[in-house]
file entry11.cif (mmCIF, C-alpha atoms and all ligand atoms)
data_target
loop_
_atom_site.group_PDB
_atom_site.id
_atom_site.type_symbol
_atom_site.label_atom_id
_atom_site.label_comp_id
_atom_site.auth_asym_id
_atom_site.auth_seq_id
_atom_site.Cartn_x
_atom_site.Cartn_y
_atom_site.Cartn_z
ATOM 1 C CA MET A 13 65.150 -7.667 228.023
ATOM 2 C CA LEU A 14 65.311 -11.406 227.214
ATOM 3 C CA LYS A 15 68.916 -12.383 227.828
ATOM 4 C CA ARG A 16 68.637 -15.463 229.982
ATOM 5 C CA ILE A 17 66.218 -18.269 229.174
ATOM 6 C CA LEU A 18 65.052 -21.357 231.019
ATOM 7 C CA TYR A 19 64.426 -24.252 228.669
ATOM 8 C CA ALA A 20 62.181 -26.824 230.335
ATOM 9 C CA THR A 21 62.314 -30.209 228.694
ATOM 10 C CA ASP A 22 60.891 -33.597 229.549
ATOM 11 C CA LEU A 23 63.073 -34.867 226.681
ATOM 12 C CA SER A 24 59.934 -35.648 224.696
ATOM 13 C CA GLU A 25 59.884 -35.021 220.965
ATOM 14 C CA LYS A 26 57.550 -32.049 221.430
ATOM 15 C CA SER A 27 59.918 -30.309 223.800
ATOM 16 C CA LEU A 28 62.951 -31.011 221.596
ATOM 17 C CA VAL A 29 61.258 -29.236 218.663
ATOM 18 C CA ILE A 30 62.444 -26.001 220.304
ATOM 19 C CA LEU A 31 66.062 -26.834 219.505
ATOM 20 C CA ASN A 32 65.353 -26.230 215.794
ATOM 21 C CA SER A 33 64.414 -22.629 216.574
ATOM 22 C CA LEU A 34 67.501 -21.860 218.671
ATOM 23 C CA PRO A 35 69.322 -19.724 216.081
ATOM 24 C CA GLU A 36 66.294 -17.455 215.901
ATOM 25 C CA PHE A 37 66.693 -16.349 219.503
ATOM 26 C CA LYS A 38 69.918 -14.591 218.499
ATOM 27 C CA CYS A 39 68.139 -11.452 217.304
ATOM 28 C CA LEU A 40 66.552 -11.074 220.751
ATOM 29 C CA GLY A 41 69.985 -10.731 222.308
ATOM 30 C CA VAL A 42 69.710 -14.031 224.204
ATOM 31 C CA LYS A 43 73.021 -15.068 225.772
ATOM 32 C CA ASP A 44 72.311 -17.907 228.199
ATOM 33 C CA PHE A 45 70.162 -21.004 228.389
ATOM 34 C CA VAL A 46 69.507 -22.951 231.564
ATOM 35 C CA ILE A 47 68.303 -26.469 230.729
ATOM 36 C CA LEU A 48 65.913 -28.079 233.171
ATOM 37 C CA ARG A 49 64.439 -31.518 233.407
ATOM 38 C CA VAL A 50 62.284 -32.232 236.417
ATOM 39 C CA ILE A 51 62.165 -35.810 237.632
ATOM 40 C CA ASN A 52 58.414 -36.087 237.721
ATOM 41 C CA LEU A 53 57.403 -37.683 241.009
ATOM 42 C CA THR A 54 53.672 -37.131 240.492
ATOM 43 C CA ARG A 55 53.810 -39.943 237.938
ATOM 44 C CA ILE A 56 54.855 -42.520 240.480
ATOM 45 C CA LEU A 57 53.370 -41.229 243.730
ATOM 46 C CA GLY A 58 49.957 -42.739 243.006
ATOM 47 C CA VAL A 59 51.516 -46.151 242.511
ATOM 48 C CA ALA A 60 54.497 -45.648 244.793
ATOM 49 C CA ARG A 61 53.836 -48.456 247.202
ATOM 50 C CA GLY A 62 56.703 -50.846 246.746
ATOM 51 C CA ILE A 63 58.733 -48.426 244.616
ATOM 52 C CA ASP A 64 62.010 -47.221 246.061
ATOM 53 C CA ILE A 65 61.777 -43.513 245.296
ATOM 54 C CA GLU A 66 65.473 -42.848 245.900
ATOM 55 C CA SER A 67 66.563 -45.445 243.365
ATOM 56 C CA TYR A 68 63.878 -44.277 240.909
ATOM 57 C CA ILE A 69 65.307 -40.737 241.133
ATOM 58 C CA ARG A 70 68.885 -41.992 240.670
ATOM 59 C CA GLU A 71 67.844 -44.064 237.665
ATOM 60 C CA ILE A 72 66.076 -41.163 235.889
ATOM 61 C CA GLU A 73 68.989 -38.868 236.729
ATOM 62 C CA LYS A 74 71.469 -41.298 235.214
ATOM 63 C CA GLU A 75 69.347 -41.662 232.117
ATOM 64 C CA SER A 76 68.760 -37.858 231.690
ATOM 65 C CA MET A 77 72.224 -36.440 232.266
ATOM 66 C CA PRO A 78 73.902 -37.547 229.001
ATOM 67 C CA LYS A 79 70.898 -36.300 227.015
ATOM 68 C CA LEU A 80 70.868 -32.954 228.837
ATOM 69 C CA GLU A 81 74.623 -32.567 228.300
ATOM 70 C CA GLU A 82 74.098 -33.262 224.600
ATOM 71 C CA ILE A 83 71.411 -30.548 224.445
ATOM 72 C CA ALA A 84 73.822 -28.146 226.183
ATOM 73 C CA LYS A 85 76.466 -28.884 223.540
ATOM 74 C CA GLU A 86 73.970 -28.257 220.774
ATOM 75 C CA ILE A 87 73.002 -24.912 222.338
ATOM 76 C CA GLU A 88 76.668 -23.963 222.671
ATOM 77 C CA ARG A 89 77.312 -24.876 219.048
ATOM 78 C CA VAL A 90 74.706 -22.281 218.052
ATOM 79 C CA GLY A 91 76.674 -19.707 220.038
ATOM 80 C CA TYR A 92 74.989 -19.365 223.437
ATOM 81 C CA ARG A 93 76.177 -20.248 226.909
ATOM 82 C CA ALA A 94 74.366 -23.299 228.300
ATOM 83 C CA LYS A 95 74.024 -24.736 231.779
ATOM 84 C CA VAL A 96 72.378 -27.975 232.784
ATOM 85 C CA TYR A 97 70.475 -27.498 236.042
ATOM 86 C CA PRO A 98 70.894 -30.633 238.206
ATOM 87 C CA PRO A 99 67.509 -32.375 237.715
ATOM 88 C CA PRO A 100 65.316 -31.754 240.765
ATOM 89 C CA ALA A 101 62.655 -34.292 241.742
ATOM 90 C CA GLY A 102 59.104 -33.134 242.305
ATOM 91 C CA GLU A 103 56.103 -31.727 240.525
ATOM 92 C CA PRO A 104 57.087 -30.227 237.123
ATOM 93 C CA VAL A 105 55.065 -26.983 237.262
ATOM 94 C CA SER A 106 56.272 -25.962 240.744
ATOM 95 C CA GLU A 107 59.864 -26.946 240.015
ATOM 96 C CA ILE A 108 59.976 -25.113 236.675
ATOM 97 C CA VAL A 109 58.607 -21.935 238.284
ATOM 98 C CA ARG A 110 60.949 -22.276 241.277
ATOM 99 C CA VAL A 111 64.090 -22.811 239.185
ATOM 100 C CA ALA A 112 63.113 -19.903 236.890
ATOM 101 C CA GLU A 113 63.097 -17.631 239.954
ATOM 102 C CA GLU A 114 66.261 -19.076 241.450
ATOM 103 C CA GLU A 115 68.151 -18.751 238.152
ATOM 104 C CA LYS A 116 66.761 -15.241 237.556
ATOM 105 C CA VAL A 117 65.833 -15.989 233.956
ATOM 106 C CA ASP A 118 63.920 -13.523 231.785
ATOM 107 C CA MET A 119 61.715 -16.062 230.029
ATOM 108 C CA ILE A 120 60.742 -19.753 230.061
ATOM 109 C CA VAL A 121 60.518 -21.769 226.840
ATOM 110 C CA MET A 122 58.792 -25.109 226.827
ATOM 111 C CA GLY A 123 56.800 -27.527 224.702
ATOM 112 C CA SER A 124 53.219 -28.636 224.920
ATOM 113 C CA ARG A 125 51.621 -31.957 224.203
ATOM 114 C CA GLY A 126 48.151 -30.499 224.388
ATOM 115 C CA ARG A 127 45.470 -32.044 226.520
ATOM 116 C CA SER A 128 45.535 -35.673 225.645
ATOM 117 C CA SER A 129 45.403 -37.284 229.078
ATOM 118 C CA LEU A 130 42.489 -37.216 231.470
ATOM 119 C CA LYS A 131 44.728 -35.601 234.072
ATOM 120 C CA ALA A 132 45.542 -32.792 231.655
ATOM 121 C CA ILE A 133 41.868 -32.288 230.880
ATOM 122 C CA LEU A 134 40.992 -32.061 234.558
ATOM 123 C CA LEU A 135 44.010 -30.237 235.917
ATOM 124 C CA GLY A 136 45.402 -28.439 232.892
ATOM 125 C CA SER A 137 48.704 -29.208 231.251
ATOM 126 C CA THR A 138 52.220 -28.456 232.442
ATOM 127 C CA ALA A 139 52.447 -25.546 230.020
ATOM 128 C CA GLU A 140 49.175 -24.066 231.248
ATOM 129 C CA GLY A 141 50.308 -24.450 234.859
ATOM 130 C CA VAL A 142 53.634 -22.719 234.232
ATOM 131 C CA VAL A 143 51.967 -19.928 232.267
ATOM 132 C CA ARG A 144 49.575 -19.336 235.143
ATOM 133 C CA ARG A 145 52.154 -19.384 237.919
ATOM 134 C CA ALA A 146 55.279 -17.816 236.436
ATOM 135 C CA LYS A 147 55.708 -14.066 236.691
ATOM 136 C CA ILE A 148 57.885 -13.796 233.590
ATOM 137 C CA PRO A 149 57.034 -14.442 229.916
ATOM 138 C CA VAL A 150 56.553 -18.045 228.867
ATOM 139 C CA MET A 151 56.864 -19.177 225.288
ATOM 140 C CA VAL A 152 55.130 -22.460 224.525
ATOM 141 C CA PHE A 153 56.245 -24.250 221.373
ATOM 142 C CA LYS A 154 54.021 -26.593 219.397
ATOM 143 C CA ASP A 155 55.144 -28.158 216.118
ATOM 144 C CA HIS A 156 58.209 -26.758 214.437
ATOM 145 C CA THR A 157 57.607 -23.285 212.992
ATOM 146 C CA PRO A 158 60.272 -21.851 210.700
ATOM 147 C CA SER A 159 61.142 -18.145 211.208
ATOM 148 C CA VAL A 160 59.342 -17.952 214.535
ATOM 149 C CA PHE A 161 59.713 -14.203 214.883
ATOM 150 C CA SER A 162 58.887 -13.165 211.327
ATOM 151 C CA LYS A 163 55.174 -12.374 211.759
ATOM 152 C CA LEU A 164 53.825 -11.720 215.234
ATOM 153 C CA LEU A 165 50.144 -11.877 216.025
ATOM 154 C CA TYR A 166 49.457 -9.534 218.927
ATOM 155 C CA SER A 167 46.068 -10.280 220.486
ATOM 156 C CA HIS A 168 44.774 -7.084 222.003
ATOM 157 C CA ASP A 169 41.569 -6.716 224.010
ATOM 158 C CA LEU A 170 42.449 -3.070 224.785
ATOM 159 C CA SER A 171 43.019 -3.995 228.455
ATOM 160 C CA GLU A 172 45.947 -2.750 230.490
ATOM 161 C CA LYS A 173 47.448 -6.265 230.490
ATOM 162 C CA ALA A 174 47.343 -6.477 226.717
ATOM 163 C CA GLU A 175 48.900 -3.015 226.556
ATOM 164 C CA LYS A 176 51.839 -4.216 228.681
ATOM 165 C CA LEU A 177 52.272 -7.253 226.429
ATOM 166 C CA GLY A 178 52.804 -4.726 223.660
ATOM 167 C CA SER A 179 56.221 -3.777 225.027
ATOM 168 C CA TYR A 180 57.415 -7.333 224.304
ATOM 169 C CA VAL A 181 55.802 -7.322 220.860
ATOM 170 C CA LYS A 182 57.526 -4.044 220.022
ATOM 171 C CA PHE A 183 60.860 -5.133 221.416
ATOM 172 C CA ILE A 184 60.833 -8.369 219.402
ATOM 173 C CA ALA A 185 59.473 -6.746 216.237
ATOM 174 C CA LYS A 186 62.235 -4.137 216.308
ATOM 175 C CA ALA A 187 64.991 -6.578 217.251
ATOM 176 C CA CYS A 188 64.017 -9.263 214.719
ATOM 177 C CA ASN A 189 62.505 -7.042 212.033
ATOM 178 C CA SER A 190 59.146 -8.778 212.380
ATOM 179 C CA SER A 191 55.857 -7.617 210.973
ATOM 180 C CA VAL A 192 52.923 -7.395 213.385
ATOM 181 C CA VAL A 193 49.235 -8.205 213.081
ATOM 182 C CA VAL A 194 47.166 -6.684 215.873
ATOM 183 C CA ALA A 195 44.060 -8.846 216.337
ATOM 184 C CA HIS A 196 41.122 -7.381 218.218
ATOM 185 C CA ILE A 197 38.031 -9.515 218.750
ATOM 186 C CA LEU A 198 34.660 -7.989 219.508
ATOM 187 C CA GLU A 199 32.566 -10.046 221.868
ATOM 188 C CA LYS A 200 28.773 -9.956 221.799
ATOM 189 C CA GLY A 201 27.465 -6.464 222.507
ATOM 190 C CA GLU A 202 30.878 -4.790 222.349
ATOM 191 C CA VAL A 203 31.338 -1.642 220.306
ATOM 192 C CA LEU A 204 34.347 -1.143 218.061
ATOM 193 C CA GLU A 205 36.761 1.426 219.508
ATOM 194 C CA GLU A 206 38.198 2.532 216.223
ATOM 195 C CA ASP A 207 40.139 5.467 217.661
ATOM 196 C CA ARG A 208 42.076 3.277 220.057
ATOM 197 C CA LEU A 209 42.930 0.761 217.371
ATOM 198 C CA ASP A 210 44.091 3.584 215.080
ATOM 199 C CA GLU A 211 46.243 4.880 217.903
ATOM 200 C CA ILE A 212 47.856 1.455 218.400
ATOM 201 C CA GLU A 213 48.513 1.157 214.673
ATOM 202 C CA ARG A 214 50.087 4.649 214.561
ATOM 203 C CA ASP A 215 52.198 3.855 217.578
ATOM 204 C CA PHE A 216 53.702 0.735 215.956
ATOM 205 C CA ARG A 217 54.159 2.442 212.633
ATOM 206 C CA GLY A 218 55.886 5.341 214.406
ATOM 207 C CA GLU A 219 58.463 2.856 215.691
ATOM 208 C CA GLY A 220 59.134 1.713 212.144
ATOM 209 C CA ILE A 221 57.206 -1.562 212.511
ATOM 210 C CA ASP A 222 55.187 -2.986 209.632
ATOM 211 C CA VAL A 223 51.731 -3.353 211.229
ATOM 212 C CA LYS A 224 48.199 -4.334 210.285
ATOM 213 C CA VAL A 225 45.066 -4.336 212.442
ATOM 214 C CA VAL A 226 42.503 -7.107 212.039
ATOM 215 C CA VAL A 227 39.145 -6.966 213.806
ATOM 216 C CA GLY A 228 37.253 -10.208 214.393
ATOM 217 C CA GLU A 229 33.974 -11.056 216.014
ATOM 218 C CA GLY A 230 32.959 -13.935 218.280
ATOM 219 C CA ASN A 231 34.790 -16.075 220.783
ATOM 220 C CA PRO A 232 38.180 -14.364 221.342
ATOM 221 C CA PRO A 233 40.565 -17.338 221.648
ATOM 222 C CA LYS A 234 38.938 -19.218 218.747
ATOM 223 C CA GLU A 235 39.027 -16.151 216.534
ATOM 224 C CA ILE A 236 42.629 -15.379 217.463
ATOM 225 C CA VAL A 237 43.775 -18.863 216.457
ATOM 226 C CA LYS A 238 41.778 -18.522 213.225
ATOM 227 C CA ILE A 239 43.222 -15.108 212.366
ATOM 228 C CA ALA A 240 46.744 -16.398 213.109
ATOM 229 C CA GLU A 241 46.200 -19.161 210.552
ATOM 230 C CA ILE A 242 44.666 -16.890 207.906
ATOM 231 C CA GLU A 243 47.448 -14.328 208.337
ATOM 232 C CA ASN A 244 50.210 -16.963 208.434
ATOM 233 C CA ALA A 245 51.418 -15.587 211.750
ATOM 234 C CA THR A 246 54.501 -17.364 213.105
ATOM 235 C CA CYS A 247 53.909 -16.643 216.795
ATOM 236 C CA ILE A 248 50.895 -15.570 218.869
ATOM 237 C CA PHE A 249 51.252 -13.076 221.736
ATOM 238 C CA VAL A 250 48.623 -13.271 224.436
ATOM 239 C CA GLY A 251 48.196 -11.839 227.930
ATOM 240 C CA ARG A 252 48.371 -14.088 230.978
ATOM 241 C CA SER A 253 45.080 -15.387 232.390
ATOM 242 C CA GLY A 254 43.102 -13.108 234.610
ATOM 243 C CA LYS A 255 41.663 -13.865 238.005
ATOM 244 C CA GLY A 256 38.261 -15.259 238.877
ATOM 245 C CA LEU A 257 35.882 -17.473 237.000
ATOM 246 C CA ARG A 258 37.595 -17.080 233.673
ATOM 247 C CA SER A 259 40.838 -18.548 234.953
ATOM 248 C CA ILE A 260 39.047 -21.435 236.675
ATOM 249 C CA LEU A 261 37.265 -22.326 233.467
ATOM 250 C CA GLY A 262 40.409 -21.883 231.405
ATOM 251 C CA SER A 263 41.709 -18.606 230.103
ATOM 252 C CA THR A 264 42.128 -17.262 226.605
ATOM 253 C CA ALA A 265 45.814 -18.180 226.918
ATOM 254 C CA ASP A 266 44.958 -21.808 227.835
ATOM 255 C CA PHE A 267 42.758 -22.204 224.780
ATOM 256 C CA ILE A 268 45.297 -20.633 222.447
ATOM 257 C CA ILE A 269 48.095 -22.803 223.843
ATOM 258 C CA ARG A 270 45.910 -25.830 223.218
ATOM 259 C CA TYR A 271 44.853 -25.048 219.673
ATOM 260 C CA SER A 272 47.550 -22.885 218.122
ATOM 261 C CA LYS A 273 49.904 -24.555 215.683
ATOM 262 C CA VAL A 274 52.552 -21.862 216.120
ATOM 263 C CA PRO A 275 54.404 -20.906 219.318
ATOM 264 C CA VAL A 276 52.485 -18.888 221.897
ATOM 265 C CA PHE A 277 54.211 -16.130 223.866
ATOM 266 C CA VAL A 278 52.370 -15.336 227.102
ATOM 267 C CA ALA A 279 53.208 -12.370 229.328
HETATM 268 P P1 LIG B 301 52.125 -30.056 228.524
HETATM 269 O O1 LIG B 301 51.972 -30.889 227.332
HETATM 270 O O2 LIG B 301 51.434 -28.762 228.440
HETATM 271 O O3 LIG B 301 51.905 -30.802 229.795
HETATM 272 O O4 LIG B 301 53.654 -29.564 228.580
HETATM 273 C C1 LIG B 301 54.678 -30.403 228.219
HETATM 274 C C2 LIG B 301 55.930 -29.564 228.293
HETATM 275 O O5 LIG B 301 56.157 -29.193 229.632
HETATM 276 C C3 LIG B 301 57.164 -30.282 227.841
HETATM 277 O O6 LIG B 301 57.378 -30.127 226.458
HETATM 278 C C4 LIG B 301 58.238 -29.611 228.649
HETATM 279 O O7 LIG B 301 58.652 -28.407 228.045
HETATM 280 C C5 LIG B 301 57.531 -29.287 229.937
HETATM 281 N N1 LIG B 301 57.671 -30.378 230.901
HETATM 282 C C6 LIG B 301 56.750 -31.341 231.222
HETATM 283 N N2 LIG B 301 57.247 -32.198 232.130
HETATM 284 C C7 LIG B 301 58.511 -31.767 232.390
HETATM 285 C C8 LIG B 301 59.559 -32.243 233.217
HETATM 286 N N3 LIG B 301 59.435 -33.342 233.939
HETATM 287 N N4 LIG B 301 60.718 -31.538 233.233
HETATM 288 C C9 LIG B 301 60.887 -30.422 232.475
HETATM 289 N N5 LIG B 301 59.945 -29.953 231.657
HETATM 290 C C10 LIG B 301 58.769 -30.609 231.620
#
call {"tool": "encode", "arguments": {"input": "entry11.cif", "output": "structure tokens"}}
result
Amino acid sequence: MLKRILYATDLSEKSLVILNSLPEFKCLGVKDFVILRVINLTRILGVARGIDIESYIREIEKESMPKLEEIAKEIERVGYRAKVYPPPAGEPVSEIVRVAEEEKVDMIVMGSRGRSSLKAILLGSTAEGVVRRAKIPVMVFKDHTPSVFSKLLYSHDLSEKAEKLGSYVKFIAKACNSSVVVAHILEKGEVLEEDRLDEIERDFRGEGIDVKVVVGEGNPPKEIVKIAEIENATCIFVGRSGKGLRSILGSTADFIIRYSKVPVFVA
């Protein structure tokens, strides 16, 4: 299910945090990593007058390659196959999504700086962009979390999308012997569907998974991040943003990616 992974790195500290969690991908059956650094041209295009783009690209390429090769060696030392994708030049989100398709990977892992810059506040971050545009699961890492797959928080709004996300939660929980917390948040005016939550709990238990259901009330993304902290969850699972107004204003996934301290798996 998750055999081949694209690791997108800008070589920043935040994106290198992922390397500490590499051994934990073993239980998922991961075999291959493709390592990608995009030479970010959006950074220089605004001030490009007078800059020789070709030599800028060559310079970044020369500077990145030894570091990318070193990362590949580290990945191989852990026991996976690793391939450095020749750094393409362009806009990071589009290039990451394009290479993921070309390389037929099953999942993208990446870091997130959060929304510190004005550009990120206005346009969303690289992680948010990739999550929105990729068709495969994306796992966004924050600070280092030990035992990433030991306690999974599965946010469930009882929608069809959240139901589908459940197949990943189950797969990982069974493969890595994780426990699962199903978090369901009631928004204003919503009625608790106890039967459906019981059914979900029974379903997980039936598969031999240690599961607990937690019901919260209020703003879903805020409550999900809060429950993850209270429950000491090591990874949050959330469905990809929907269409329409909600995705323009920022989805549940965007908020969780921004505020979670633990990795966020979006599918
Ligand atoms: P964000 O802070 O959400 O903009 O996302 C930062 C993360 O996006 C980094 O940790 C990388 O995983 C990925 N990323 C950003 N820029 C690049 C790039 N030029 N090449 C590859 N990955 C990138």
call {"tool": "closest_atom_pairs", "arguments": {"input": "entry11.cif", "of": "chain A", "to": "ligand LIG 301 (chain B)", "cutoff": "9 Å", "atoms": "only C-alpha atoms and all ligand atoms", "output": "Markdown table"}}
result
| residue | atom | partner | partner_atom | distance |
| --- | --- | --- | --- | --- |
| A:Tyr19 | CA | B:LIG301 | O7 | 7.1 |
| A:Ala20 | CA | B:LIG301 | N5 | 4.1 |
| A:Thr21 | CA | B:LIG301 | N5 | 3.8 |
| A:Asp22 | CA | B:LIG301 | C8 | 4.1 |
| A:Leu23 | CA | B:LIG301 | C4 | 7.4 |
| A:Ser24 | CA | B:LIG301 | O6 | 6.3 |
| A:Glu25 | CA | B:LIG301 | O6 | 7.8 |
| A:Lys26 | CA | B:LIG301 | O6 | 5.4 |
| A:Ser27 | CA | B:LIG301 | O6 | 3.7 |
| A:Leu28 | CA | B:LIG301 | O6 | 7.4 |
| A:Val29 | CA | B:LIG301 | O6 | 8.8 |
| A:Ile30 | CA | B:LIG301 | O7 | 8.9 |
| A:Ile47 | CA | B:LIG301 | C9 | 8.6 |
| A:Leu48 | CA | B:LIG301 | C9 | 5.6 |
| A:Arg49 | CA | B:LIG301 | N4 | 3.7 |
| A:Val50 | CA | B:LIG301 | N4 | 3.6 |
| A:Ile51 | CA | B:LIG301 | N3 | 5.2 |
| A:Asn52 | CA | B:LIG301 | N3 | 4.8 |
| A:Leu53 | CA | B:LIG301 | N3 | 8.5 |
| A:Pro99 | CA | B:LIG301 | N4 | 8.2 |
| A:Pro100 | CA | B:LIG301 | N4 | 8.8 |
| A:Ala101 | CA | B:LIG301 | N3 | 8.5 |
| A:Gly102 | CA | B:LIG301 | N3 | 8.4 |
| A:Glu103 | CA | B:LIG301 | N3 | 7.6 |
| A:Pro104 | CA | B:LIG301 | N3 | 5.0 |
| A:Val105 | CA | B:LIG301 | N2 | 7.6 |
| A:Glu107 | CA | B:LIG301 | N4 | 8.2 |
| A:Ile108 | CA | B:LIG301 | C9 | 6.8 |
| A:Val121 | CA | B:LIG301 | O7 | 7.0 |
| A:Met122 | CA | B:LIG301 | O7 | 3.5 |
| A:Gly123 | CA | B:LIG301 | O6 | 3.2 |
| A:Ser124 | CA | B:LIG301 | O1 | 3.5 |
| A:Arg125 | CA | B:LIG301 | O1 | 3.3 |
| A:Gly126 | CA | B:LIG301 | O1 | 4.8 |
| A:Arg127 | CA | B:LIG301 | O1 | 6.7 |
| A:Ser128 | CA | B:LIG301 | O1 | 8.2 |
| A:Ala132 | CA | B:LIG301 | O3 | 6.9 |
| A:Gly136 | CA | B:LIG301 | O2 | 7.5 |
| A:Ser137 | CA | B:LIG301 | O3 | 3.9 |
| A:Thr138 | CA | B:LIG301 | O3 | 3.6 |
| A:Ala139 | CA | B:LIG301 | O2 | 3.7 |
| A:Glu140 | CA | B:LIG301 | O2 | 5.9 |
| A:Gly141 | CA | B:LIG301 | O2 | 7.8 |
| A:Val142 | CA | B:LIG301 | O5 | 8.3 |
| A:Val152 | CA | B:LIG301 | O7 | 7.8 |
| A:Phe153 | CA | B:LIG301 | O6 | 7.9 |
| A:Lys154 | CA | B:LIG301 | O6 | 8.6 |
| A:Ile269 | CA | B:LIG301 | O2 | 8.2 |
| A:Arg270 | CA | B:LIG301 | O2 | 8.1 |
call {"tool": "write_last_selection", "arguments": {"input": "entry11.cif", "atoms": "C-alpha atoms", "output": "mmCIF file, in the frame of the given file"}}
result
data_model
loop_
_atom_site.group_PDB
_atom_site.id
_atom_site.type_symbol
_atom_site.label_atom_id
_atom_site.label_comp_id
_atom_site.auth_asym_id
_atom_site.auth_seq_id
_atom_site.Cartn_x
_atom_site.Cartn_y
_atom_site.Cartn_z
ATOM 1 C CA TYR A 19 64.426 -24.252 228.669
ATOM 2 C CA ALA A 20 62.181 -26.824 230.335
ATOM 3 C CA THR A 21 62.314 -30.209 228.694
ATOM 4 C CA ASP A 22 60.891 -33.597 229.549
ATOM 5 C CA LEU A 23 63.073 -34.867 226.681
ATOM 6 C CA SER A 24 59.934 -35.648 224.696
ATOM 7 C CA GLU A 25 59.884 -35.021 220.965
ATOM 8 C CA LYS A 26 57.550 -32.049 221.430
ATOM 9 C CA SER A 27 59.918 -30.309 223.800
ATOM 10 C CA LEU A 28 62.951 -31.011 221.596
ATOM 11 C CA VAL A 29 61.258 -29.236 218.663
ATOM 12 C CA ILE A 30 62.444 -26.001 220.304
ATOM 13 C CA ILE A 47 68.303 -26.469 230.729
ATOM 14 C CA LEU A 48 65.913 -28.079 233.171
ATOM 15 C CA ARG A 49 64.439 -31.518 233.407
ATOM 16 C CA VAL A 50 62.284 -32.232 236.417
ATOM 17 C CA ILE A 51 62.165 -35.810 237.632
ATOM 18 C CA ASN A 52 58.414 -36.087 237.721
ATOM 19 C CA LEU A 53 57.403 -37.683 241.009
ATOM 20 C CA PRO A 99 67.509 -32.375 237.715
ATOM 21 C CA PRO A 100 65.316 -31.754 240.765
ATOM 22 C CA ALA A 101 62.655 -34.292 241.742
ATOM 23 C CA GLY A 102 59.104 -33.134 242.305
ATOM 24 C CA GLU A 103 56.103 -31.727 240.525
ATOM 25 C CA PRO A 104 57.087 -30.227 237.123
ATOM 26 C CA VAL A 105 55.065 -26.983 237.262
ATOM 27 C CA GLU A 107 59.864 -26.946 240.015
ATOM 28 C CA ILE A 108 59.976 -25.113 236.675
ATOM 29 C CA VAL A 121 60.518 -21.769 226.840
ATOM 30 C CA MET A 122 58.792 -25.109 226.827
ATOM 31 C CA GLY A 123 56.800 -27.527 224.702
ATOM 32 C CA SER A 124 53.219 -28.636 224.920
ATOM 33 C CA ARG A 125 51.621 -31.957 224.203
ATOM 34 C CA GLY A 126 48.151 -30.499 224.388
ATOM 35 C CA ARG A 127 45.470 -32.044 226.520
ATOM 36 C CA SER A 128 45.535 -35.673 225.645
ATOM 37 C CA ALA A 132 45.542 -32.792 231.655
ATOM 38 C CA GLY A 136 45.402 -28.439 232.892
ATOM 39 C CA SER A 137 48.704 -29.208 231.251
ATOM 40 C CA THR A 138 52.220 -28.456 232.442
ATOM 41 C CA ALA A 139 52.447 -25.546 230.020
ATOM 42 C CA GLU A 140 49.175 -24.066 231.248
ATOM 43 C CA GLY A 141 50.308 -24.450 234.859
ATOM 44 C CA VAL A 142 53.634 -22.719 234.232
ATOM 45 C CA VAL A 152 55.130 -22.460 224.525
ATOM 46 C CA PHE A 153 56.245 -24.250 221.373
ATOM 47 C CA LYS A 154 54.021 -26.593 219.397
ATOM 48 C CA ILE A 269 48.095 -22.803 223.843
ATOM 49 C CA ARG A 270 45.910 -25.830 223.218
#
call {"tool": "resolve_selection", "arguments": {"input": "entry11.cif", "expression": "the PyMOL selection byres (((chain A and resi 225-233) around 9) and not hetatm)", "output": "compact mmCIF listing (two decimals) with C-alpha atoms, in the frame of the given file"}}
result
# COMPACT_ATOMS: atom_id res chain seq x y z
CA SER A 167 46.07 -10.28 220.49
CA ASP A 169 41.57 -6.72 224.01
CA VAL A 192 52.92 -7.40 213.38
CA VAL A 193 49.24 -8.20 213.08
CA VAL A 194 47.17 -6.68 215.87
CA ALA A 195 44.06 -8.85 216.34
CA HIS A 196 41.12 -7.38 218.22
CA ILE A 197 38.03 -9.52 218.75
CA LEU A 198 34.66 -7.99 219.51
CA GLU A 199 32.57 -10.05 221.87
CA LYS A 200 28.77 -9.96 221.80
CA LEU A 204 34.35 -1.14 218.06
CA LEU A 209 42.93 0.76 217.37
CA ASP A 210 44.09 3.58 215.08
CA ILE A 212 47.86 1.46 218.40
CA GLU A 213 48.51 1.16 214.67
CA VAL A 223 51.73 -3.35 211.23
CA LYS A 224 48.20 -4.33 210.28
CA LYS A 234 38.94 -19.22 218.75
CA GLU A 235 39.03 -16.15 216.53
CA ILE A 236 42.63 -15.38 217.46
CA VAL A 237 43.78 -18.86 216.46
CA LYS A 238 41.78 -18.52 213.22
CA ILE A 239 43.22 -15.11 212.37
CA SER A 263 41.71 -18.61 230.10
CA THR A 264 42.13 -17.26 226.60
CA ALA A 265 45.81 -18.18 226.92
CA ASP A 266 44.96 -21.81 227.84
CA PHE A 267 42.76 -22.20 224.78
CA ILE A 268 45.30 -20.63 222.45
call {"tool": "resolve_selection", "arguments": {"input": "entry11.cif", "expression": "the PyMOL selection byres (((chain A and resi 147) around 12) and not hetatm)", "output": "PyMOL selection string"}}
result
chain A and resi 108-110+112-113+116-120+141-146+148-150+251-253+278-279
call {"tool": "closest_residue", "arguments": {"input": "entry11.cif", "among": "A:Ile221, A:Phe277, A:His168, A:Pro98", "to": "Arg70 in chain A", "atoms": "only C-alpha atoms"}}
result
A:Pro98
call {"tool": "closest_residue", "arguments": {"input": "entry11.cif", "among": "A:Arg55, A:Lys38, A:Lys74, A:Lys163", "to": "Ala245 in chain A", "atoms": "all atoms listed in the file"}}
result
A:Lys163
call {"tool": "atom_distance", "arguments": {"input": "entry11.cif", "atom1": "CA of Gly178 in chain A", "atom2": "CA of Tyr166 in chain A"}}
result
7.5 Å
call {"tool": "residues_around", "arguments": {"input": "entry11.cif", "residues": "range 83-85 of chain A", "least_positions_apart": "5", "cutoff": "7 Å", "atoms": "all atoms listed in the file", "output": "list of chain:residue names"}}
result
A:Ala94, A:Lys95, A:Val96
